[in-house]
>>> print(open('upload-v7.pdb').read())   # PDB, N, CA, C and O atoms
ATOM      1  N   MET A 532      -4.309  12.303  -1.520
ATOM      2  CA  MET A 532      -4.229  11.207  -2.458
ATOM      3  C   MET A 532      -5.652  10.776  -2.786
ATOM      4  O   MET A 532      -6.491  10.649  -1.925
ATOM      5  N   GLY A 533      -5.901  10.510  -4.019
ATOM      6  CA  GLY A 533      -7.217  10.099  -4.453
ATOM      7  C   GLY A 533      -7.476   8.625  -4.221
ATOM      8  O   GLY A 533      -6.629   7.882  -3.705
ATOM      9  N   ILE A 534      -8.641   8.197  -4.613
ATOM     10  CA  ILE A 534      -9.054   6.805  -4.410
ATOM     11  C   ILE A 534      -8.176   5.844  -5.224
ATOM     12  O   ILE A 534      -7.842   4.757  -4.750
ATOM     13  N   ILE A 535      -7.774   6.235  -6.432
ATOM     14  CA  ILE A 535      -6.923   5.374  -7.266
ATOM     15  C   ILE A 535      -5.557   5.190  -6.604
ATOM     16  O   ILE A 535      -5.017   4.076  -6.563
ATOM     17  N   GLY A 536      -5.004   6.261  -6.061
ATOM     18  CA  GLY A 536      -3.729   6.164  -5.353
ATOM     19  C   GLY A 536      -3.826   5.289  -4.128
ATOM     20  O   GLY A 536      -2.922   4.501  -3.825
ATOM     21  N   THR A 537      -4.941   5.412  -3.402
ATOM     22  CA  THR A 537      -5.148   4.585  -2.213
ATOM     23  C   THR A 537      -5.266   3.116  -2.591
ATOM     24  O   THR A 537      -4.729   2.248  -1.899
ATOM     25  N   ILE A 538      -5.940   2.825  -3.689
ATOM     26  CA  ILE A 538      -6.058   1.432  -4.152
ATOM     27  C   ILE A 538      -4.691   0.891  -4.565
ATOM     28  O   ILE A 538      -4.357  -0.260  -4.266
ATOM     29  N   PHE A 539      -3.891   1.703  -5.241
ATOM     30  CA  PHE A 539      -2.556   1.264  -5.646
ATOM     31  C   PHE A 539      -1.685   0.988  -4.426
ATOM     32  O   PHE A 539      -0.983  -0.031  -4.369
ATOM     33  N   ILE A 540      -1.736   1.884  -3.440
ATOM     34  CA  ILE A 540      -1.002   1.661  -2.195
ATOM     35  C   ILE A 540      -1.517   0.393  -1.521
ATOM     36  O   ILE A 540      -0.740  -0.396  -0.978
ATOM     37  N   GLY A 541      -2.834   0.177  -1.562
ATOM     38  CA  GLY A 541      -3.430  -1.027  -0.984
ATOM     39  C   GLY A 541      -2.906  -2.298  -1.625
ATOM     40  O   GLY A 541      -2.709  -3.312  -0.953
ATOM     41  N   LEU A 542      -2.674  -2.254  -2.920
ATOM     42  CA  LEU A 542      -2.114  -3.421  -3.617
ATOM     43  C   LEU A 542      -0.725  -3.729  -3.074
ATOM     44  O   LEU A 542      -0.414  -4.881  -2.746
ATOM     45  N   ILE A 543       0.092  -2.715  -2.932
ATOM     46  CA  ILE A 543       1.442  -2.900  -2.402
ATOM     47  C   ILE A 543       1.379  -3.343  -0.941
ATOM     48  O   ILE A 543       2.097  -4.250  -0.518
ATOM     49  N   VAL A 544       0.493  -2.702  -0.174
ATOM     50  CA  VAL A 544       0.349  -3.030   1.242
ATOM     51  C   VAL A 544      -0.127  -4.471   1.416
ATOM     52  O   VAL A 544       0.334  -5.183   2.314
ATOM     53  N   GLY A 545      -1.039  -4.919   0.577
ATOM     54  CA  GLY A 545      -1.513  -6.304   0.660
ATOM     55  C   GLY A 545      -0.394  -7.313   0.475
ATOM     56  O   GLY A 545      -0.312  -8.311   1.190
ATOM     57  N   LEU A 546       0.481  -7.038  -0.470
ATOM     58  CA  LEU A 546       1.616  -7.934  -0.692
ATOM     59  C   LEU A 546       2.587  -7.898   0.481
ATOM     60  O   LEU A 546       3.072  -8.943   0.921
ATOM     61  N   LEU A 547       2.861  -6.692   0.995
ATOM     62  CA  LEU A 547       3.750  -6.579   2.156
ATOM     63  C   LEU A 547       3.149  -7.250   3.387
ATOM     64  O   LEU A 547       3.856  -7.913   4.150
ATOM     65  N   ALA A 548       1.850  -7.076   3.579
ATOM     66  CA  ALA A 548       1.185  -7.670   4.749
ATOM     67  C   ALA A 548       1.273  -9.186   4.709
ATOM     68  O   ALA A 548       1.444  -9.832   5.741
ATOM     69  N   ARG A 549       1.170  -9.758   3.521
ATOM     70  CA  ARG A 549       1.266 -11.216   3.399
ATOM     71  C   ARG A 549       2.643 -11.710   3.828
ATOM     72  O   ARG A 549       2.764 -12.750   4.466
ATOM     73  N   PHE A 550       3.678 -10.953   3.497
ATOM     74  CA  PHE A 550       5.026 -11.357   3.874
ATOM     75  C   PHE A 550       5.309 -11.111   5.355
ATOM     76  O   PHE A 550       6.082 -11.842   5.965
ATOM     77  N   LEU A 551       4.691 -10.088   5.934
ATOM     78  CA  LEU A 551       4.960  -9.741   7.331
ATOM     79  C   LEU A 551       4.115 -10.525   8.322
ATOM     80  O   LEU A 551       4.524 -10.699   9.465
ATOM     81  N   LYS A 552       2.935 -10.982   7.908
ATOM     82  CA  LYS A 552       2.049 -11.704   8.817
ATOM     83  C   LYS A 552       2.580 -13.114   9.030
ATOM     84  O   LYS A 552       2.810 -13.852   8.083
ATOM     85  N   PRO A 553       2.771 -13.496  10.288
ATOM     86  CA  PRO A 553       3.283 -14.845  10.553
ATOM     87  C   PRO A 553       2.218 -15.899  10.291
ATOM     88  O   PRO A 553       1.022 -15.619  10.314
ATOM     89  N   GLY A 554       2.656 -17.107  10.041
ATOM     90  CA  GLY A 554       1.742 -18.225   9.854
ATOM     91  C   GLY A 554       1.554 -18.562   8.391
ATOM     92  O   GLY A 554       2.019 -17.883   7.491
ATOM     93  N   ASP A 555       0.842 -19.653   8.177
ATOM     94  CA  ASP A 555       0.583 -20.157   6.836
ATOM     95  C   ASP A 555      -0.711 -19.544   6.306
ATOM     96  O   ASP A 555      -1.752 -19.632   6.938
ATOM     97  N   ASP A 556      -0.627 -18.924   5.138
ATOM     98  CA  ASP A 556      -1.812 -18.373   4.490
ATOM     99  C   ASP A 556      -2.218 -19.303   3.355
ATOM    100  O   ASP A 556      -1.470 -19.514   2.424
ATOM    101  N   SER A 557      -3.418 -19.835   3.461
ATOM    102  CA  SER A 557      -3.892 -20.721   2.412
ATOM    103  C   SER A 557      -4.719 -19.970   1.373
ATOM    104  O   SER A 557      -5.240 -20.573   0.460
ATOM    105  N   MET A 558      -4.844 -18.654   1.518
ATOM    106  CA  MET A 558      -5.596 -17.868   0.548
ATOM    107  C   MET A 558      -4.703 -17.506  -0.629
ATOM    108  O   MET A 558      -3.481 -17.500  -0.518
ATOM    109  N   GLY A 559      -5.321 -17.214  -1.737
ATOM    110  CA  GLY A 559      -4.571 -16.875  -2.936
ATOM    111  C   GLY A 559      -4.099 -15.431  -2.939
ATOM    112  O   GLY A 559      -4.431 -14.644  -2.055
ATOM    113  N   TRP A 560      -3.330 -15.105  -3.948
ATOM    114  CA  TRP A 560      -2.781 -13.756  -4.055
ATOM    115  C   TRP A 560      -3.870 -12.717  -4.291
ATOM    116  O   TRP A 560      -3.777 -11.605  -3.793
ATOM    117  N   ILE A 561      -4.885 -13.086  -5.059
ATOM    118  CA  ILE A 561      -5.959 -12.137  -5.355
ATOM    119  C   ILE A 561      -6.676 -11.734  -4.074
ATOM    120  O   ILE A 561      -6.926 -10.550  -3.835
ATOM    121  N   MET A 562      -7.000 -12.704  -3.220
ATOM    122  CA  MET A 562      -7.680 -12.400  -1.961
ATOM    123  C   MET A 562      -6.778 -11.575  -1.054
ATOM    124  O   MET A 562      -7.249 -10.655  -0.377
ATOM    125  N   THR A 563      -5.492 -11.866  -1.046
ATOM    126  CA  THR A 563      -4.546 -11.093  -0.251
ATOM    127  C   THR A 563      -4.514  -9.637  -0.711
ATOM    128  O   THR A 563      -4.535  -8.715   0.098
ATOM    129  N   ILE A 564      -4.484  -9.433  -2.017
ATOM    130  CA  ILE A 564      -4.456  -8.081  -2.564
ATOM    131  C   ILE A 564      -5.761  -7.354  -2.265
ATOM    132  O   ILE A 564      -5.758  -6.181  -1.879
ATOM    133  N   LEU A 565      -6.892  -8.054  -2.396
ATOM    134  CA  LEU A 565      -8.188  -7.426  -2.096
ATOM    135  C   LEU A 565      -8.291  -7.031  -0.627
ATOM    136  O   LEU A 565      -8.790  -5.944  -0.295
ATOM    137  N   LEU A 566      -7.816  -7.891   0.267
ATOM    138  CA  LEU A 566      -7.817  -7.547   1.686
ATOM    139  C   LEU A 566      -6.844  -6.410   1.975
ATOM    140  O   LEU A 566      -7.094  -5.573   2.842
ATOM    141  N   GLY A 567      -5.748  -6.362   1.248
ATOM    142  CA  GLY A 567      -4.804  -5.253   1.389
ATOM    143  C   GLY A 567      -5.419  -3.932   0.949
ATOM    144  O   GLY A 567      -5.244  -2.898   1.611
ATOM    145  N   ILE A 568      -6.156  -3.961  -0.150
ATOM    146  CA  ILE A 568      -6.837  -2.755  -0.618
ATOM    147  C   ILE A 568      -7.889  -2.323   0.389
ATOM    148  O   ILE A 568      -7.994  -1.140   0.728
ATOM    149  N   ALA A 569      -8.659  -3.274   0.908
ATOM    150  CA  ALA A 569      -9.686  -2.951   1.908
ATOM    151  C   ALA A 569      -9.050  -2.383   3.173
ATOM    152  O   ALA A 569      -9.526  -1.388   3.724
ATOM    153  N   GLY A 570      -7.983  -2.999   3.633
ATOM    154  CA  GLY A 570      -7.280  -2.498   4.820
ATOM    155  C   GLY A 570      -6.712  -1.116   4.598
ATOM    156  O   GLY A 570      -6.754  -0.258   5.478
ATOM    157  N   SER A 571      -6.206  -0.875   3.414
ATOM    158  CA  SER A 571      -5.665   0.432   3.078
ATOM    159  C   SER A 571      -6.752   1.494   3.068
ATOM    160  O   SER A 571      -6.581   2.581   3.616
ATOM    161  N   LEU A 572      -7.892   1.174   2.455
ATOM    162  CA  LEU A 572      -8.994   2.134   2.408
ATOM    163  C   LEU A 572      -9.518   2.450   3.802
ATOM    164  O   LEU A 572      -9.705   3.619   4.157
ATOM    165  N   VAL A 573      -9.735   1.414   4.605
ATOM    166  CA  VAL A 573     -10.270   1.620   5.953
ATOM    167  C   VAL A 573      -9.274   2.395   6.819
ATOM    168  O   VAL A 573      -9.638   3.365   7.487
ATOM    169  N   ALA A 574      -8.018   1.989   6.807
ATOM    170  CA  ALA A 574      -7.018   2.645   7.655
ATOM    171  C   ALA A 574      -6.732   4.066   7.192
ATOM    172  O   ALA A 574      -6.581   4.971   8.016
ATOM    173  N   THR A 575      -6.664   4.291   5.883
ATOM    174  CA  THR A 575      -6.357   5.621   5.373
ATOM    175  C   THR A 575      -7.464   6.609   5.715
ATOM    176  O   THR A 575      -7.218   7.657   6.322
ATOM    177  N   TYR A 576      -8.680   6.277   5.330
ATOM    178  CA  TYR A 576      -9.776   7.215   5.555
ATOM    179  C   TYR A 576     -10.223   7.231   7.017
ATOM    180  O   TYR A 576     -10.633   8.267   7.527
ATOM    181  N   GLY A 577     -10.118   6.101   7.702
ATOM    182  CA  GLY A 577     -10.444   6.068   9.129
ATOM    183  C   GLY A 577      -9.464   6.880   9.953
ATOM    184  O   GLY A 577      -9.847   7.643  10.840
ATOM    185  N   GLY A 578      -8.177   6.742   9.656
ATOM    186  CA  GLY A 578      -7.149   7.492  10.374
ATOM    187  C   GLY A 578      -7.250   8.987  10.124
ATOM    188  O   GLY A 578      -7.045   9.796  11.030
ATOM    189  N   GLN A 579      -7.582   9.367   8.903
ATOM    190  CA  GLN A 579      -7.755  10.779   8.600
ATOM    191  C   GLN A 579      -9.016  11.327   9.266
ATOM    192  O   GLN A 579      -9.013  12.452   9.766
ATOM    193  N   ALA A 580     -10.086  10.538   9.291
ATOM    194  CA  ALA A 580     -11.335  10.979   9.920
ATOM    195  C   ALA A 580     -11.160  11.153  11.430
ATOM    196  O   ALA A 580     -11.757  12.051  12.027
ATOM    197  N   LEU A 581     -10.343  10.302  12.041
ATOM    198  CA  LEU A 581     -10.095  10.402  13.478
ATOM    199  C   LEU A 581      -9.040  11.449  13.819
ATOM    200  O   LEU A 581      -8.792  11.722  14.984
ATOM    201  N   GLY A 582      -8.383  11.997  12.803
ATOM    202  CA  GLY A 582      -7.372  13.019  13.027
ATOM    203  C   GLY A 582      -6.032  12.472  13.485
ATOM    204  O   GLY A 582      -5.210  13.209  14.022
ATOM    205  N   ILE A 583      -5.796  11.189  13.267
ATOM    206  CA  ILE A 583      -4.535  10.576  13.672
ATOM    207  C   ILE A 583      -3.389  11.065  12.790
ATOM    208  O   ILE A 583      -2.282  11.299  13.263
ATOM    209  N   TYR A 584      -3.646  11.230  11.497
ATOM    210  CA  TYR A 584      -2.644  11.728  10.561
ATOM    211  C   TYR A 584      -3.347  12.447   9.420
ATOM    212  O   TYR A 584      -4.554  12.336   9.250
ATOM    213  N   GLN A 585      -2.555  13.177   8.653
ATOM    214  CA  GLN A 585      -3.062  13.924   7.508
ATOM    215  C   GLN A 585      -2.754  13.157   6.222
ATOM    216  O   GLN A 585      -1.890  12.279   6.200
ATOM    217  N   ALA A 586      -3.440  13.522   5.165
ATOM    218  CA  ALA A 586      -3.211  12.881   3.866
ATOM    219  C   ALA A 586      -1.764  13.109   3.429
ATOM    220  O   ALA A 586      -1.227  14.197   3.567
ATOM    221  N   GLY A 587      -1.132  12.041   2.940
ATOM    222  CA  GLY A 587       0.231  12.129   2.433
ATOM    223  C   GLY A 587       1.322  11.869   3.450
ATOM    224  O   GLY A 587       2.487  11.819   3.087
ATOM    225  N   GLN A 588       0.982  11.695   4.711
ATOM    226  CA  GLN A 588       1.995  11.404   5.716
ATOM    227  C   GLN A 588       2.391   9.938   5.661
ATOM    228  O   GLN A 588       1.608   9.077   5.267
ATOM    229  N   ALA A 589       3.612   9.647   6.106
ATOM    230  CA  ALA A 589       4.092   8.264   6.126
ATOM    231  C   ALA A 589       3.280   7.410   7.094
ATOM    232  O   ALA A 589       3.171   6.205   6.911
ATOM    233  N   ALA A 590       2.702   8.027   8.101
ATOM    234  CA  ALA A 590       1.883   7.281   9.058
ATOM    235  C   ALA A 590       0.691   6.641   8.357
ATOM    236  O   ALA A 590       0.207   5.600   8.787
ATOM    237  N   GLY A 591       0.225   7.238   7.274
ATOM    238  CA  GLY A 591      -0.882   6.656   6.509
ATOM    239  C   GLY A 591      -0.502   5.314   5.901
ATOM    240  O   GLY A 591      -1.298   4.373   5.881
ATOM    241  N   PHE A 592       0.733   5.211   5.417
ATOM    242  CA  PHE A 592       1.209   3.949   4.849
ATOM    243  C   PHE A 592       1.330   2.893   5.937
ATOM    244  O   PHE A 592       0.924   1.749   5.748
ATOM    245  N   VAL A 593       1.874   3.297   7.074
ATOM    246  CA  VAL A 593       2.019   2.366   8.203
ATOM    247  C   VAL A 593       0.637   1.935   8.695
ATOM    248  O   VAL A 593       0.406   0.759   8.970
ATOM    249  N   GLY A 594      -0.290   2.878   8.786
ATOM    250  CA  GLY A 594      -1.654   2.551   9.193
ATOM    251  C   GLY A 594      -2.325   1.605   8.216
ATOM    252  O   GLY A 594      -3.026   0.678   8.614
ATOM    253  N   ALA A 595      -2.106   1.823   6.929
ATOM    254  CA  ALA A 595      -2.669   0.933   5.915
ATOM    255  C   ALA A 595      -2.080  -0.465   6.031
ATOM    256  O   ALA A 595      -2.799  -1.464   5.893
ATOM    257  N   LEU A 596      -0.791  -0.556   6.311
ATOM    258  CA  LEU A 596      -0.140  -1.859   6.475
ATOM    259  C   LEU A 596      -0.700  -2.596   7.694
ATOM    260  O   LEU A 596      -1.018  -3.779   7.618
ATOM    261  N   ILE A 597      -0.845  -1.877   8.794
ATOM    262  CA  ILE A 597      -1.413  -2.493   9.997
ATOM    263  C   ILE A 597      -2.860  -2.905   9.755
ATOM    264  O   ILE A 597      -3.277  -3.997  10.149
ATOM    265  N   GLY A 598      -3.626  -2.062   9.082
ATOM    266  CA  GLY A 598      -5.016  -2.396   8.758
ATOM    267  C   GLY A 598      -5.116  -3.643   7.892
ATOM    268  O   GLY A 598      -5.983  -4.496   8.105
ATOM    269  N   ALA A 599      -4.229  -3.773   6.922
ATOM    270  CA  ALA A 599      -4.234  -4.947   6.052
ATOM    271  C   ALA A 599      -3.862  -6.210   6.823
ATOM    272  O   ALA A 599      -4.470  -7.268   6.627
ATOM    273  N   ILE A 600      -2.883  -6.121   7.715
ATOM    274  CA  ILE A 600      -2.490  -7.285   8.513
ATOM    275  C   ILE A 600      -3.641  -7.710   9.416
ATOM    276  O   ILE A 600      -3.940  -8.900   9.548
ATOM    277  N   VAL A 601      -4.318  -6.728  10.018
ATOM    278  CA  VAL A 601      -5.468  -7.047  10.877
ATOM    279  C   VAL A 601      -6.554  -7.752  10.068
ATOM    280  O   VAL A 601      -7.116  -8.763  10.514
ATOM    281  N   LEU A 602      -6.847  -7.262   8.872
ATOM    282  CA  LEU A 602      -7.856  -7.923   8.041
ATOM    283  C   LEU A 602      -7.425  -9.331   7.629
ATOM    284  O   LEU A 602      -8.263 -10.242   7.575
ATOM    285  N   LEU A 603      -6.144  -9.526   7.361
ATOM    286  CA  LEU A 603      -5.657 -10.866   7.020
ATOM    287  C   LEU A 603      -5.819 -11.823   8.200
ATOM    288  O   LEU A 603      -6.199 -12.982   8.019
ATOM    289  N   VAL A 604      -5.543 -11.347   9.397
ATOM    290  CA  VAL A 604      -5.695 -12.185  10.597
ATOM    291  C   VAL A 604      -7.174 -12.523  10.815
ATOM    292  O   VAL A 604      -7.528 -13.674  11.075
ATOM    293  N   ILE A 605      -8.045 -11.518  10.716
ATOM    294  CA  ILE A 605      -9.483 -11.749  10.897
ATOM    295  C   ILE A 605     -10.004 -12.717   9.848
ATOM    296  O   ILE A 605     -10.759 -13.639  10.168
ATOM    297  N   TYR A 606      -9.596 -12.545   8.596
ATOM    298  CA  TYR A 606     -10.018 -13.463   7.541
ATOM    299  C   TYR A 606      -9.555 -14.884   7.816
ATOM    300  O   TYR A 606     -10.283 -15.843   7.598
ATOM    301  N   GLY A 607      -8.322 -15.017   8.315
ATOM    302  CA  GLY A 607      -7.807 -16.359   8.647
ATOM    303  C   GLY A 607      -8.619 -17.021   9.740
ATOM    304  O   GLY A 607      -8.908 -18.216   9.662
ATOM    305  N   PHE A 608      -9.016 -16.264  10.780
ATOM    306  CA  PHE A 608      -9.846 -16.822  11.853
ATOM    307  C   PHE A 608     -11.220 -17.241  11.330
ATOM    308  O   PHE A 608     -11.735 -18.291  11.695
ATOM    309  N   ILE A 609     -11.812 -16.401  10.502
ATOM    310  CA  ILE A 609     -13.140 -16.700   9.960
ATOM    311  C   ILE A 609     -13.080 -17.935   9.066
ATOM    312  O   ILE A 609     -13.961 -18.804   9.117
ATOM    313  N   LYS A 610     -12.043 -18.040   8.275
ATOM    314  CA  LYS A 610     -11.914 -19.174   7.361
ATOM    315  C   LYS A 610     -11.701 -20.488   8.121
ATOM    316  O   LYS A 610     -12.212 -21.526   7.731
ATOM    317  N   LYS A 611     -10.953 -20.434   9.233
ATOM    318  CA  LYS A 611     -10.722 -21.638  10.032
ATOM    319  C   LYS A 611     -11.985 -22.103  10.728
ATOM    320  O   LYS A 611     -12.221 -23.285  10.891
ATOM    321  N   ARG A 612     -12.825 -21.159  11.176
ATOM    322  CA  ARG A 612     -14.050 -21.503  11.887
ATOM    323  C   ARG A 612     -15.106 -22.074  10.941
ATOM    324  O   ARG A 612     -15.933 -22.865  11.340
ATOM    325  N   GLY A 613     -15.106 -21.607   9.690
ATOM    326  CA  GLY A 613     -16.151 -21.971   8.738
ATOM    327  C   GLY A 613     -15.906 -23.202   7.988
ATOM    328  O   GLY A 613     -15.468 -24.215   8.146
TER     329      GLY A 613
END
>>> encode(input="upload-v7.pdb", output="structure tokens")
Amino acid sequence: MGIIGTIFIGLIVGLLARFLKPGDDSMGWIMTILLGIAGSLVATYGGQALGIYQAGQAAGFVGALIGAIVLLVIYGFIKKRG
């Protein structure tokens, strides 16, 4: 999958991560989508680089979702501290 496909998956993953992550999110939809795209890019290419999964496997989508949720949690902690 190319970079455009990964970004599109990231958009979907960002929205799903917002619904799956517990707690109140005071960030807007745009920031959620951007963090979802970032999580998707990091998890997709990081997981492939580490040999955890190959391009096009369903594990890539799950990894992108987990990566996006982790970024949403980290962003929430940083925003609360600042």
>>> residues_around(input="upload-v7.pdb", residues="segment 596-603 of chain A", least_positions_apart="3", cutoff="7 Å", atoms="all atoms listed in the file", output="list in words")
Val544, Gly545, Leu547, Ala548, Arg549, Lys552, Thr563, Leu566, Gly567, Ile568, Ala569, Gly570, Ser571, Val573, Ala574, Ala590, Gly591, Phe592, Val593, Tyr606, Gly607 and Phe608 of chain A
>>> select_by_dssp(input="upload-v7.pdb", residues="chain A", states="helix (DSSP H, G or I)", output="PyMOL selection string")
chain A and resi 534-551+560-580+589-612
>>> atom_distance(input="upload-v7.pdb", atom1="atom C of Phe550 of chain A", atom2="atom N of Gly533 of chain A")
26.1 Å
>>> closest_residue(input="upload-v7.pdb", among="A:Ile609, A:Val604, A:Leu581, A:Ile538", to="Leu551 of chain A", atoms="only C-alpha atoms")
A:Val604
>>> atom_distance(input="upload-v7.pdb", atom1="atom C of Ile564 of chain A", atom2="atom N of Ala586 of chain A")
22.3 Å
>>> atom_distance(input="upload-v7.pdb", atom1="atom C of Ala589 of chain A", atom2="atom C of Thr537 of chain A")
13.6 Å
